Amino acid sequence: MDIIKIAMIGLSAVLLAIQIKGGRPEYEIFVTMGACLCIFFFLVTKLQVVMDAINQMQSYIRLDAKYVAVLLKMIGITYVAEFSSNLCKDAGYQAVAGQIEMFGKLSILVISMPVLLALLETISQFLS
């Protein structure tokens, strides 16, 4: 069970950070960042399962590859923005975290525009 491994990494990092906080509080953020990076890289390895599922869906129904690519980009932006935002919040930089979240949201909006335009074009073809 991978969740147990991840939970143990997270809990160990938190307990170590609490111990370090008493003596050297400046190193606390490095411990939490290290644990977050370990968990993030473990998450990235799990994305192969998602890719396999998407490929299997494409074999069942005909999906345009550009829409799948847009979907994967949006998922990637979401994960990276959330991860980096949380790290900034943990370090005490809420303003930077907010800007990262805002940029992530706008990036998703920009990437989704071609899909939205294609949808509107399809709707206008049905109406005419």
# chains A, B, ... in the order shown; residues from 1 in each chain; ligands from 1
>>> residues_around(residues="stretch 57-59 of chain A", least_positions_apart="6", cutoff="10 Å", atoms="only C-alpha atoms", output="list in words")
Met51, Ala65 and Val68 of chain A
>>> write_last_selection(atoms="all heavy atoms", output="mmCIF file, in the first residue's frame")
data_model
loop_
_atom_site.group_PDB
_atom_site.id
_atom_site.type_symbol
_atom_site.label_atom_id
_atom_site.label_comp_id
_atom_site.auth_asym_id
_atom_site.auth_seq_id
_atom_site.Cartn_x
_atom_site.Cartn_y
_atom_site.Cartn_z
ATOM 1 N N MET A 51 -1.749 7.639 -17.677
ATOM 2 C CA MET A 51 -1.452 7.629 -19.114
ATOM 3 C C MET A 51 -1.936 6.342 -19.764
ATOM 4 O O MET A 51 -2.498 6.363 -20.865
ATOM 5 C CB MET A 51 0.052 7.818 -19.344
ATOM 6 C CG MET A 51 0.572 9.180 -18.973
ATOM 7 S SD MET A 51 -0.178 10.495 -19.934
ATOM 8 C CE MET A 51 0.379 10.080 -21.554
ATOM 9 N N ALA A 65 -6.306 13.566 -30.285
ATOM 10 C CA ALA A 65 -5.096 13.588 -29.452
ATOM 11 C C ALA A 65 -4.832 14.972 -28.867
ATOM 12 O O ALA A 65 -4.296 15.086 -27.761
ATOM 13 C CB ALA A 65 -3.899 13.112 -30.254
ATOM 14 N N VAL A 68 -6.718 15.357 -25.584
ATOM 15 C CA VAL A 68 -6.072 14.593 -24.512
ATOM 16 C C VAL A 68 -4.824 15.333 -24.033
ATOM 17 O O VAL A 68 -4.560 15.416 -22.833
ATOM 18 C CB VAL A 68 -5.734 13.165 -24.982
ATOM 19 C CG1 VAL A 68 -4.934 12.417 -23.931
ATOM 20 C CG2 VAL A 68 -6.992 12.404 -25.329
#
>>> closest_atom_pairs(of="stretch 27-73 of chain A", to="stretch 16-22 of chain A", cutoff="9 Å", atoms="only C-alpha atoms", output="JSON lines")
{"residue": "A:Tyr27", "atom": "CA", "partner": "A:Ile20", "partner_atom": "CA", "distance": 6.9}
{"residue": "A:Glu28", "atom": "CA", "partner": "A:Ala17", "partner_atom": "CA", "distance": 4.9}
{"residue": "A:Ile29", "atom": "CA", "partner": "A:Ala17", "partner_atom": "CA", "distance": 7.6}
{"residue": "A:Phe30", "atom": "CA", "partner": "A:Ala17", "partner_atom": "CA", "distance": 8.7}
{"residue": "A:Val31", "atom": "CA", "partner": "A:Ala17", "partner_atom": "CA", "distance": 6.1}
{"residue": "A:Thr32", "atom": "CA", "partner": "A:Ala17", "partner_atom": "CA", "distance": 6.9}
>>> closest_residue(among="A:Ser84, A:Ile75, A:Leu15, A:Gln125", to="A:Ser112", atoms="only C-alpha atoms")
A:Ile75
>>> atom_distance(atom1="atom CA of A:Val110", atom2="atom CA of A:Thr122")
19.6 Å
>>> residues_around(residues="stretch 37-44 of chain A", least_positions_apart="2", cutoff="10 Å", atoms="only C-alpha atoms", output="number ranges by chain")
A: 2, 5-7, 9-10, 31-35, 46-48, 76, 79-80, 83-84, 87
>>> atom_distance(atom1="atom CA of A:Asp64", atom2="atom CA of A:Leu116")
14.4 Å
>>> residues_around(residues="A:Lys105", least_positions_apart="2", cutoff="12 Å", atoms="only C-alpha atoms", output="VMD selection string")
chain A and resid 74 to 82 98 to 103 107 to 112
>>> write_last_selection(atoms="C-alpha atoms", output="PDB file, in the first residue's frame")
ATOM      1  CA  MET A  74      -4.222  21.099 -17.364  1.00  0.00           C
ATOM      2  CA  ILE A  75      -3.686  18.286 -14.862  1.00  0.00           C
ATOM      3  CA  GLY A  76       0.039  18.991 -14.797  1.00  0.00           C
ATOM      4  CA  ILE A  77      -0.447  22.707 -14.256  1.00  0.00           C
ATOM      5  CA  THR A  78      -2.867  21.994 -11.442  1.00  0.00           C
ATOM      6  CA  TYR A  79      -0.507  19.650  -9.612  1.00  0.00           C
ATOM      7  CA  VAL A  80       2.569  21.846  -9.992  1.00  0.00           C
ATOM      8  CA  ALA A  81       0.725  25.019  -8.986  1.00  0.00           C
ATOM      9  CA  GLU A  82      -0.843  23.355  -5.946  1.00  0.00           C
ATOM     10  CA  GLY A  98      -1.479  33.374  -4.101  1.00  0.00           C
ATOM     11  CA  GLN A  99       0.324  34.589  -7.206  1.00  0.00           C
ATOM     12  CA  ILE A 100       1.318  31.040  -8.126  1.00  0.00           C
ATOM     13  CA  GLU A 101      -2.303  29.921  -7.738  1.00  0.00           C
ATOM     14  CA  MET A 102      -3.517  32.845  -9.853  1.00  0.00           C
ATOM     15  CA  PHE A 103      -0.982  32.111 -12.589  1.00  0.00           C
ATOM     16  CA  SER A 107      -2.680  29.169 -17.494  1.00  0.00           C
ATOM     17  CA  ILE A 108      -5.459  26.599 -17.414  1.00  0.00           C
ATOM     18  CA  LEU A 109      -7.853  29.168 -18.860  1.00  0.00           C
ATOM     19  CA  VAL A 110      -5.430  29.974 -21.696  1.00  0.00           C
ATOM     20  CA  ILE A 111      -4.823  26.319 -22.496  1.00  0.00           C
ATOM     21  CA  SER A 112      -8.548  25.537 -22.502  1.00  0.00           C
TER      22      SER A 112
END
>>> atom_distance(atom1="atom CA of A:Val14", atom2="atom CA of A:Val49")
28.9 Å
